[in-house]
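Structure file upload-v8.csv; described as CSV, C-alpha atoms.
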```
chain,number,residue,atom,x,y,z
Y,1165,MET,CA,132.1,61.6,146.2
Y,1166,THR,CA,132.8,60.3,142.7
Y,1167,LYS,CA,136.1,61.5,141.3
Y,1168,MET,CA,135.4,64.0,138.5
Y,1169,ASN,CA,137.3,64.2,135.2
Y,1170,ARG,CA,138.4,67.9,135.2
Y,1171,TYR,CA,139.4,67.7,131.5
Y,1172,ARG,CA,136.2,66.6,129.8
Y,1173,ILE,CA,134.8,68.4,126.8
Y,1174,PHE,CA,131.1,69.0,126.3
Y,1175,PHE,CA,129.1,69.4,123.1
Y,1176,ARG,CA,126.5,72.2,122.9
Y,1177,PRO,CA,123.4,69.9,123.5
Y,1178,GLN,CA,125.1,68.7,126.8
Y,1179,VAL,CA,125.5,72.2,128.2
Y,1180,ASN,CA,123.0,73.7,130.7
Y,1181,THR,CA,122.6,77.5,130.9
Y,1182,PHE,CA,121.3,79.4,133.9
Y,1183,VAL,CA,120.7,82.9,135.2
Y,1184,LEU,CA,121.0,83.6,138.9
Y,1185,PHE,CA,118.5,86.3,139.9
Y,1186,LEU,CA,119.1,88.3,143.1
Y,1187,VAL,CA,118.4,91.3,145.2
Y,1188,ALA,CA,121.6,92.9,146.8
Y,1189,ARG,CA,123.3,91.4,149.9
Y,1190,VAL,CA,122.3,87.7,149.5
Y,1191,GLY,CA,125.8,86.2,149.3
Y,1192,SER,CA,125.8,86.1,145.5
Y,1193,THR,CA,129.5,87.3,145.3
Y,1194,TYR,CA,130.5,84.4,147.6
Y,1195,LEU,CA,128.4,81.9,145.7
Y,1196,THR,CA,129.7,83.0,142.4
Y,1197,SER,CA,133.3,82.7,143.6
Y,1198,LEU,CA,132.4,79.1,144.7
Y,1199,MET,CA,131.0,78.3,141.3
Y,1200,LYS,CA,134.0,79.9,139.5
Y,1201,SER,CA,136.3,77.4,141.2
Y,1202,HIS,CA,134.3,74.5,139.8
Y,1203,PRO,CA,136.1,73.4,136.5
Y,1204,GLN,CA,132.8,72.5,134.8
Y,1205,ILE,CA,131.0,75.8,135.5
Y,1206,LEU,CA,131.5,79.2,133.8
Y,1207,ALA,CA,129.9,81.7,136.2
Y,1208,LEU,CA,130.0,85.4,135.5
Y,1209,SER,CA,128.8,88.3,137.8
Y,1210,GLU,CA,126.5,91.1,136.8
Y,1211,GLU,CA,127.5,91.6,133.2
Y,1212,LEU,CA,124.2,93.3,132.3
Y,1213,ARG,CA,124.7,96.0,134.9
Y,1214,ASP,CA,127.7,97.2,133.0
Y,1215,LEU,CA,125.6,97.3,129.8
Y,1216,GLU,CA,122.6,99.1,131.3
Y,1217,GLU,CA,123.6,102.5,130.0
Y,1218,GLN,CA,123.9,101.1,126.5
Y,1219,GLY,CA,120.3,100.0,126.6
Y,1220,ALA,CA,118.1,96.9,126.0
Y,1221,VAL,CA,119.6,96.0,122.6
Y,1222,ALA,CA,123.1,95.7,124.0
Y,1223,GLN,CA,121.9,93.7,127.0
Y,1224,MET,CA,119.9,91.3,124.8
Y,1225,LYS,CA,122.7,90.9,122.2
Y,1226,TRP,CA,125.3,90.0,124.9
Y,1227,SER,CA,122.8,87.7,126.7
Y,1228,GLU,CA,121.9,85.8,123.5
Y,1229,LYS,CA,125.5,85.3,122.6
Y,1230,PHE,CA,126.5,84.1,126.1
Y,1231,LEU,CA,123.5,81.8,126.4
Y,1232,THR,CA,124.4,80.1,123.1
Y,1233,PRO,CA,127.2,77.6,124.2
Y,1234,PRO,CA,130.1,76.9,121.8
Y,1235,LEU,CA,129.8,73.8,119.7
Y,1236,ILE,CA,132.5,72.2,121.8
Y,1237,GLY,CA,133.8,73.5,125.2
Y,1238,LYS,CA,135.1,72.7,128.6
Y,1239,HIS,CA,132.1,73.9,130.6
Y,1240,LYS,CA,129.0,71.8,131.1
Y,1241,VAL,CA,127.2,74.8,132.8
Y,1242,ARG,CA,127.4,78.5,132.0
Y,1243,GLY,CA,125.5,81.4,133.5
Y,1244,PHE,CA,125.5,84.8,135.0
Y,1245,ASN,CA,124.0,87.0,137.8
Y,1246,VAL,CA,121.2,89.5,137.2
Y,1247,LYS,CA,119.4,92.1,139.4
Y,1248,LEU,CA,115.9,93.0,138.1
Y,1249,VAL,CA,116.6,96.7,138.5
Y,1250,HIS,CA,119.4,96.5,135.9
Y,1251,LEU,CA,117.2,94.9,133.2
Y,1252,CYS,CA,116.2,97.4,130.5
Y,1253,ASP,CA,113.7,95.0,128.9
Y,1254,PRO,CA,112.5,92.4,131.5
Y,1255,GLU,CA,109.8,91.0,129.2
Y,1256,GLY,CA,112.2,90.6,126.3
Y,1257,PHE,CA,114.8,89.0,128.7
Y,1258,ALA,CA,112.2,86.5,129.9
Y,1259,ARG,CA,111.3,85.5,126.3
Y,1260,LEU,CA,115.0,85.0,125.6
Y,1261,LEU,CA,115.5,82.7,128.6
Y,1262,ASN,CA,112.6,80.6,127.3
Y,1263,GLU,CA,114.0,80.5,123.8
Y,1264,LYS,CA,117.4,79.4,125.2
Y,1265,GLY,CA,116.0,76.8,127.6
Y,1266,CYS,CA,117.7,78.5,130.5
Y,1267,LYS,CA,117.3,77.4,134.1
Y,1268,ILE,CA,116.6,80.0,136.8
Y,1269,VAL,CA,118.3,80.2,140.2
Y,1270,HIS,CA,116.7,82.7,142.6
Y,1271,MET,CA,119.1,83.6,145.5
Y,1272,GLN,CA,117.2,85.0,148.5
Y,1273,ARG,CA,117.7,86.0,152.1
Y,1274,ARG,CA,114.9,85.1,154.6
Y,1275,ASN,CA,116.2,87.5,157.2
Y,1276,ARG,CA,115.5,91.0,155.8
Y,1277,VAL,CA,116.8,92.7,158.9
Y,1278,LYS,CA,120.3,91.2,158.3
Y,1279,ALA,CA,120.0,92.0,154.6
Y,1280,VAL,CA,119.5,95.7,155.5
Y,1281,ILE,CA,122.4,95.7,158.0
Y,1282,SER,CA,124.6,94.1,155.4
Y,1283,ARG,CA,123.6,96.8,152.9
Y,1284,LEU,CA,124.6,99.5,155.4
Y,1285,ASN,CA,127.8,97.7,156.1
Y,1286,GLY,CA,128.4,97.2,152.4
Y,1287,GLU,CA,128.0,100.9,151.7
Y,1288,ARG,CA,130.7,101.6,154.4
Y,1289,LEU,CA,133.0,99.1,152.9
Y,1290,TYR,CA,132.5,100.5,149.4
Y,1291,ASP,CA,133.3,104.0,150.7
Y,1292,LYS,CA,136.5,102.7,152.2
Y,1293,THR,CA,137.7,100.2,149.5
Y,1294,GLY,CA,135.7,100.8,146.4
Y,1295,MET,CA,134.4,97.2,146.6
Y,1296,TRP,CA,131.2,95.7,147.9
Y,1297,GLY,CA,132.8,92.5,149.0
Y,1298,LEU,CA,135.4,91.8,151.7
Y,1299,PHE,CA,138.5,90.1,150.3
Y,1300,ASN,CA,141.1,91.2,152.9
Y,1301,GLU,CA,140.6,90.9,156.6
Y,1302,SER,CA,142.5,94.1,157.2
Y,1303,ASN,CA,139.6,96.0,155.6
Y,1304,ARG,CA,137.1,94.7,158.1
Y,1305,LEU,CA,135.0,97.5,159.6
Y,1306,PRO,CA,134.3,98.4,163.3
Y,1307,PRO,CA,130.7,98.3,164.6
Y,1308,MET,CA,128.4,101.0,163.5
Y,1309,HIS,CA,125.5,103.2,164.8
Y,1310,VAL,CA,122.3,102.6,162.8
Y,1311,ASP,CA,120.0,105.5,162.0
Y,1312,LEU,CA,116.4,104.3,162.7
Y,1313,ALA,CA,114.8,106.4,159.9
Y,1314,LYS,CA,117.3,105.2,157.4
Y,1315,PHE,CA,116.8,101.6,158.5
Y,1316,ASP,CA,113.1,102.0,158.1
Y,1317,GLU,CA,113.6,103.3,154.5
Y,1318,TYR,CA,115.9,100.5,153.5
Y,1319,LEU,CA,113.7,97.8,155.1
Y,1320,ASN,CA,110.6,99.0,153.2
Y,1321,HIS,CA,112.6,99.1,150.0
Y,1322,ARG,CA,113.9,95.6,150.6
Y,1323,GLU,CA,110.3,94.3,151.0
Y,1324,LYS,CA,109.3,95.9,147.7
Y,1325,MET,CA,112.4,94.5,145.8
Y,1326,ASP,CA,112.0,91.0,147.2
Y,1327,PHE,CA,108.3,90.9,146.2
Y,1328,GLU,CA,109.0,92.2,142.7
Y,1329,MET,CA,111.9,89.7,142.1
Y,1330,ASP,CA,109.9,86.8,143.4
Y,1331,SER,CA,107.0,87.7,141.1
Y,1332,TYR,CA,109.2,88.1,138.1
Y,1333,VAL,CA,111.2,84.9,138.3
Y,1334,ARG,CA,108.0,82.9,138.8
Y,1335,SER,CA,106.5,84.5,135.8
Y,1336,ILE,CA,109.3,83.4,133.4
Y,1337,GLY,CA,108.0,79.9,133.3
Y,1338,ARG,CA,111.4,78.1,133.3
Y,1339,PRO,CA,112.7,75.5,135.8
Y,1340,LEU,CA,113.3,77.4,139.0
Y,1341,ARG,CA,115.5,76.6,142.0
Y,1342,PRO,CA,115.0,79.0,145.0
Y,1343,LEU,CA,118.0,79.1,147.2
Y,1344,CYS,CA,118.5,80.9,150.6
Y,1345,TYR,CA,121.7,82.5,151.9
Y,1346,GLU,CA,120.9,81.2,155.4
Y,1347,ASP,CA,121.0,77.6,154.1
Y,1348,LEU,CA,124.4,78.3,152.5
Y,1349,LEU,CA,125.7,79.4,155.9
Y,1350,ALA,CA,124.1,76.5,157.8
Y,1351,ASP,CA,125.3,73.7,155.5
Y,1352,ARG,CA,127.4,74.6,152.5
Y,1353,ASP,CA,127.7,71.1,151.2
Y,1354,ALA,CA,124.0,70.4,151.2
Y,1355,PHE,CA,123.4,73.9,149.6
Y,1356,LEU,CA,125.9,73.2,146.8
Y,1357,GLY,CA,124.6,69.7,146.4
Y,1358,SER,CA,121.1,71.0,145.6
Y,1359,LEU,CA,122.5,73.6,143.2
Y,1360,TYR,CA,124.7,71.0,141.4
Y,1361,GLU,CA,121.7,68.6,141.1
Y,1362,PHE,CA,119.6,71.4,139.5
Y,1363,LEU,CA,122.3,72.4,137.1
Y,1364,GLU,CA,123.2,68.7,136.4
Y,1365,VAL,CA,126.9,69.1,137.1
Y,1366,ASP,CA,129.3,66.8,138.9
Y,1367,PRO,CA,130.1,67.6,142.6
Y,1368,PHE,CA,133.5,69.1,143.1
Y,1369,PRO,CA,135.3,70.6,146.2
Y,1370,VAL,CA,135.2,74.4,145.7
Y,1371,GLN,CA,136.6,77.3,147.5
Y,1372,GLY,CA,135.2,80.8,147.8
Y,1373,GLU,CA,137.2,84.1,147.6
Y,1374,THR,CA,135.2,86.5,149.7
Y,1375,LEU,CA,135.0,86.9,153.5
Y,1376,LYS,CA,131.7,87.5,155.4
Y,1377,ILE,CA,131.6,91.2,156.1
Y,1378,THR,CA,128.9,91.2,158.7
Y,1379,SER,CA,128.9,89.0,161.8
Y,1380,ASP,CA,125.8,86.8,162.1
Y,1381,ASP,CA,125.4,88.1,165.7
Y,1382,LEU,CA,124.1,91.7,165.1
Y,1383,ARG,CA,125.2,92.7,168.7
Y,1384,GLU,CA,128.7,92.6,167.3
Y,1385,VAL,CA,127.9,94.9,164.5
Y,1386,VAL,CA,125.3,97.4,165.7
Y,1387,LEU,CA,126.3,99.8,168.5
Y,1388,ASN,CA,122.6,100.7,169.2
Y,1389,PHE,CA,121.4,97.1,168.8
Y,1390,ASP,CA,118.8,97.3,171.7
Y,1391,GLU,CA,117.4,100.6,170.4
Y,1392,LEU,CA,117.0,99.2,166.9
Y,1393,ARG,CA,115.5,95.9,168.1
Y,1394,ASP,CA,113.0,97.7,170.4
Y,1395,HIS,CA,112.0,99.9,167.4
Y,1396,TYR,CA,110.6,96.7,165.8
Y,1397,ALA,CA,109.1,95.1,169.0
Y,1398,GLY,CA,105.9,93.4,168.3
Y,1399,THR,CA,106.5,93.1,164.6
Y,1400,PRO,CA,107.5,90.0,162.5
Y,1401,TYR,CA,111.0,91.5,162.3
Y,1402,GLU,CA,111.7,91.5,166.0
Y,1403,GLN,CA,112.9,87.8,166.1
Y,1404,MET,CA,115.2,88.4,163.1
Y,1405,PHE,CA,117.5,90.5,165.3
Y,1406,ASP,CA,118.3,87.5,167.5
Y,1407,GLU,CA,118.7,84.9,164.8
Y,1408,VAL,CA,122.2,83.4,164.6
Y,1409,VAL,CA,122.8,80.8,161.8
Y,1410,ALA,CA,126.5,80.6,161.7
```
Have the structure of the file written as structure tokens, please.
Amino acid sequence: MTKMNRYRIFFRPQVNTFVLFLVARVGSTYLTSLMKSHPQILALSEELRDLEEQGAVAQMKWSEKFLTPPLIGKHKVRGFNVKLVHLCDPEGFARLLNEKGCKIVHMQRRNRVKAVISRLNGERLYDKTGMWGLFNESNRLPPMHVDLAKFDEYLNHREKMDFEMDSYVRSIGRPLRPLCYEDLLADRDAFLGSLYEFLEVDPFPVQGETLKITSDDLREVVLNFDELRDHYAGTPYEQMFDEVVA
């Protein structure tokens, strides 16, 4: 790896902007913490979620300002995370991304079963700590019993949200890099290398802040694992229960 100059400055035409689109529980908090530790990347979380109550004008005003880099700055790349459900004006936001020449990163999760289990576990963690991410091992939760009806509801909702997000990011018409959480788990360096190449930023050894809240082996997480797996026997989801990536 080529040694990077951590103290370079960049002029506005040198700076790339991006928006990372996601549906919940795809490892975005961990990925953002990795990017934040890169000295050339300014990566923010879901700023537009906090502006949702103020409406489309407030969201667009903030986005336009952020996606206009300073004339001279220390970051070669700057971007933030967005969930489609928090956008007050999706069409206007898409137009803004085109006007600003913004790149699009779409963070996904192939295994929807684990995405739903992670959501259920995340809700429990939030009830306990007020946070959706695990930052302290002492807050790790014990295995849980999963209600089948609730799982069905969450899985159907997940399918709908994934479809809507995929359709939206492809409709924007900007350079798009789809990324998968499973690939981040399997080979972090290759995953980050692909992201760095897309954003045109120098490689750098980074460190994340969050811990994985849900074991990749669902037998360690779900008390009624066999019952839940049998509920989806014969469907495309059956094999997802046994998948172990990391």
* Name all residues at most 6 Å from segment 1384-1400 of chain Y (count only C-alpha atoms; drop same-chain ones fewer than 2 positions away) and give them as a list in words. =>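 Once the adjacent positions are removed, what remains is Pro1307, Met1308, His1309, Asp1381, Leu1382 and Glu1402 of chain Y.
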* Asked: Smallest atom-to-atom distance to Gln1178 of chain Y: which of Y:Pro1369, Y:Leu1235, Y:Ala1313, Y:Glu1210, using all atoms listed in the file?
  ->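 Nearest to Gln1178 of chain Y: Y:Leu1235.
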* Structure fact -> atom CA of Leu1319 of chain Y to atom CA of Asp1291 of chain Y measures 21.0 Å
* Best match for closeness to Lys1247 of chain Y among Y:Leu1195, Y:Met1271, Y:Ala1222, Y:Val1179, counting only C-alpha atoms ->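 Closest candidate: Y:Met1271.
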* segment 1326-1332 of chain Y: which residues within 9 Å, counting only C-alpha atoms, same-chain residues fewer than 3 positions away excluded, as a PyMOL selection string? -> chain Y and resi 1185-1187+1247-1248+1254+1258+1270+1272+1321-1323+1335-1336
* For Phe1368 of chain Y, please output as a list in words all residues within 7 Å (counting all atoms listed in the file; exclusion window: fewer than 2 positions along the same chain). => His1202, Asp1366 and Val1370 of chain Y
* Write out as a list in words each polymer residue whose atoms come within 7 Å of segment 1280-1285 of chain Y, counting all atoms listed in the file; drop sequence neighbours fewer than 6 positions from it. =>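 Surrounding residues, per the criterion: Arg1189, Tyr1318, Leu1319 and Thr1378 of chain Y.
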* To do: Just give me the gap between atom CA of Leu1215 of chain Y and atom CA of Asp1253 of chain Y in Å, one decimal is fine.
  => 12.2 Å
* **Counting all atoms listed in the file, the residue of Y:Ser1379, Y:Thr1232, Y:Asn1275, Y:Thr1374 that sits nearest Leu1198 of chain Y** => Y:Thr1374
* Using only C-alpha atoms, find the one residue out of Y:Leu1305, Y:Val1409, Y:Ile1236, Y:Ala1220 that sits nearest to Thr1293 of chain Y. => Y:Leu1305
* Asked: If you measure from atom CA of Gly1297 of chain Y to atom CA of Lys1376 of chain Y, what distance in Å do you get, rounded to one decimal?
  -> 8.2 Å
* With only C-alpha atoms as the atoms that count, which of Y:Arg1304, Y:His1250, Y:Arg1352, Y:Lys1240 lies nearest to Arg1288 of chain Y? ->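 That would be Y:Arg1304, the residue with the smallest distance to Arg1288 of chain Y.
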* Could you name the residues that touch Gly1265 of chain Y at 10 Å or less, counting all atoms listed in the file, but leaving out those on the same chain fewer than 4 positions away, as a ChimeraX atom specification? -> /Y:1180-1182,1231,1259-1261,1338-1339
Now that the selection is made, can you save its residues with C-alpha atoms as a PDB file, in the frame of the given file?
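To be explicit, this is the file written out as again-v4.pdb:
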```pdb
ATOM      1  CA  ASN Y1180     123.000  73.700 130.700  1.00  0.00           C
ATOM      2  CA  THR Y1181     122.600  77.500 130.900  1.00  0.00           C
ATOM      3  CA  PHE Y1182     121.300  79.400 133.900  1.00  0.00           C
ATOM      4  CA  LEU Y1231     123.500  81.800 126.400  1.00  0.00           C
ATOM      5  CA  ARG Y1259     111.300  85.500 126.300  1.00  0.00           C
ATOM      6  CA  LEU Y1260     115.000  85.000 125.600  1.00  0.00           C
ATOM      7  CA  LEU Y1261     115.500  82.700 128.600  1.00  0.00           C
ATOM      8  CA  ARG Y1338     111.400  78.100 133.300  1.00  0.00           C
ATOM      9  CA  PRO Y1339     112.700  75.500 135.800  1.00  0.00           C
TER      10      PRO Y1339
END
```
* Asked: Pick the closest to Asn1303 of chain Y from Y:Ile1377, Y:Val1277, Y:Leu1206, Y:Cys1344: which is it, counting only C-alpha atoms?
  ->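 Looking only at the distances to Asn1303 of chain Y, the closest residue turns out to be Y:Ile1377.
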Where atoms are absent from segment 1241-1263 of chain Y, fill them in so it carries N, CA and C atoms, then output it as a PDB file, in the coordinates of the input.
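Result file selection04.pdb:
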```
ATOM      1  N   VAL Y1241     128.201  73.805 132.312  1.00  0.00           N
ATOM      2  CA  VAL Y1241     127.200  74.800 132.800  1.00  0.00           C
ATOM      3  C   VAL Y1241     127.807  76.182 132.611  1.00  0.00           C
ATOM      4  N   ARG Y1242     126.968  77.108 132.151  1.00  0.00           N
ATOM      5  CA  ARG Y1242     127.400  78.500 132.000  1.00  0.00           C
ATOM      6  C   ARG Y1242     126.244  79.417 132.374  1.00  0.00           C
ATOM      7  N   GLY Y1243     126.536  80.461 133.135  1.00  0.00           N
ATOM      8  CA  GLY Y1243     125.500  81.400 133.500  1.00  0.00           C
ATOM      9  C   GLY Y1243     126.040  82.650 134.118  1.00  0.00           C
ATOM     10  N   PHE Y1244     125.134  83.548 134.492  1.00  0.00           N
ATOM     11  CA  PHE Y1244     125.500  84.800 135.000  1.00  0.00           C
ATOM     12  C   PHE Y1244     124.469  85.371 135.985  1.00  0.00           C
ATOM     13  N   ASN Y1245     124.836  86.403 136.748  1.00  0.00           N
ATOM     14  CA  ASN Y1245     124.000  87.000 137.800  1.00  0.00           C
ATOM     15  C   ASN Y1245     123.212  88.191 137.188  1.00  0.00           C
ATOM     16  N   VAL Y1246     122.008  88.418 137.695  1.00  0.00           N
ATOM     17  CA  VAL Y1246     121.200  89.500 137.200  1.00  0.00           C
ATOM     18  C   VAL Y1246     120.392  90.099 138.412  1.00  0.00           C
ATOM     19  N   LYS Y1247     120.358  91.433 138.517  1.00  0.00           N
ATOM     20  CA  LYS Y1247     119.400  92.100 139.400  1.00  0.00           C
ATOM     21  C   LYS Y1247     118.294  92.672 138.463  1.00  0.00           C
ATOM     22  N   LEU Y1248     117.068  92.522 138.873  1.00  0.00           N
ATOM     23  CA  LEU Y1248     115.900  93.000 138.100  1.00  0.00           C
ATOM     24  C   LEU Y1248     116.038  94.478 137.775  1.00  0.00           C
ATOM     25  N   VAL Y1249     116.572  95.243 138.700  1.00  0.00           N
ATOM     26  CA  VAL Y1249     116.600  96.700 138.500  1.00  0.00           C
ATOM     27  C   VAL Y1249     117.565  97.103 137.387  1.00  0.00           C
ATOM     28  N   HIS Y1250     118.437  96.196 136.962  1.00  0.00           N
ATOM     29  CA  HIS Y1250     119.400  96.500 135.900  1.00  0.00           C
ATOM     30  C   HIS Y1250     118.885  96.059 134.510  1.00  0.00           C
ATOM     31  N   LEU Y1251     117.748  95.375 134.457  1.00  0.00           N
ATOM     32  CA  LEU Y1251     117.200  94.900 133.200  1.00  0.00           C
ATOM     33  C   LEU Y1251     116.476  96.007 132.457  1.00  0.00           C
ATOM     34  N   CYS Y1252     116.917  96.335 131.252  1.00  0.00           N
ATOM     35  CA  CYS Y1252     116.200  97.400 130.500  1.00  0.00           C
ATOM     36  C   CYS Y1252     114.937  96.870 129.854  1.00  0.00           C
ATOM     37  N   ASP Y1253     114.860  95.572 129.574  1.00  0.00           N
ATOM     38  CA  ASP Y1253     113.700  95.000 128.900  1.00  0.00           C
ATOM     39  C   ASP Y1253     113.367  93.649 129.607  1.00  0.00           C
ATOM     40  N   PRO Y1254     112.745  93.682 130.800  1.00  0.00           N
ATOM     41  CA  PRO Y1254     112.500  92.400 131.500  1.00  0.00           C
ATOM     42  C   PRO Y1254     111.625  91.449 130.731  1.00  0.00           C
ATOM     43  N   GLU Y1255     110.623  91.914 129.993  1.00  0.00           N
ATOM     44  CA  GLU Y1255     109.800  91.000 129.200  1.00  0.00           C
ATOM     45  C   GLU Y1255     110.559  90.343 128.094  1.00  0.00           C
ATOM     46  N   GLY Y1256     111.364  91.129 127.401  1.00  0.00           N
ATOM     47  CA  GLY Y1256     112.200  90.600 126.300  1.00  0.00           C
ATOM     48  C   GLY Y1256     113.215  89.590 126.867  1.00  0.00           C
ATOM     49  N   PHE Y1257     113.767  89.886 128.041  1.00  0.00           N
ATOM     50  CA  PHE Y1257     114.800  89.000 128.700  1.00  0.00           C
ATOM     51  C   PHE Y1257     114.116  87.674 129.035  1.00  0.00           C
ATOM     52  N   ALA Y1258     112.899  87.736 129.563  1.00  0.00           N
ATOM     53  CA  ALA Y1258     112.200  86.500 129.900  1.00  0.00           C
ATOM     54  C   ALA Y1258     111.930  85.647 128.678  1.00  0.00           C
ATOM     55  N   ARG Y1259     111.568  86.289 127.571  1.00  0.00           N
ATOM     56  CA  ARG Y1259     111.300  85.500 126.300  1.00  0.00           C
ATOM     57  C   ARG Y1259     112.641  84.873 125.866  1.00  0.00           C
ATOM     58  N   LEU Y1260     113.753  85.591 126.004  1.00  0.00           N
ATOM     59  CA  LEU Y1260     115.000  85.000 125.600  1.00  0.00           C
ATOM     60  C   LEU Y1260     115.399  83.808 126.438  1.00  0.00           C
ATOM     61  N   LEU Y1261     115.159  83.860 127.730  1.00  0.00           N
ATOM     62  CA  LEU Y1261     115.500  82.700 128.600  1.00  0.00           C
ATOM     63  C   LEU Y1261     114.652  81.503 128.218  1.00  0.00           C
ATOM     64  N   ASN Y1262     113.415  81.715 127.804  1.00  0.00           N
ATOM     65  CA  ASN Y1262     112.600  80.600 127.300  1.00  0.00           C
ATOM     66  C   ASN Y1262     113.119  80.058 126.011  1.00  0.00           C
ATOM     67  N   GLU Y1263     113.504  80.942 125.114  1.00  0.00           N
ATOM     68  CA  GLU Y1263     114.000  80.500 123.800  1.00  0.00           C
ATOM     69  C   GLU Y1263     115.304  79.689 123.974  1.00  0.00           C
TER      70      GLU Y1263
END
```
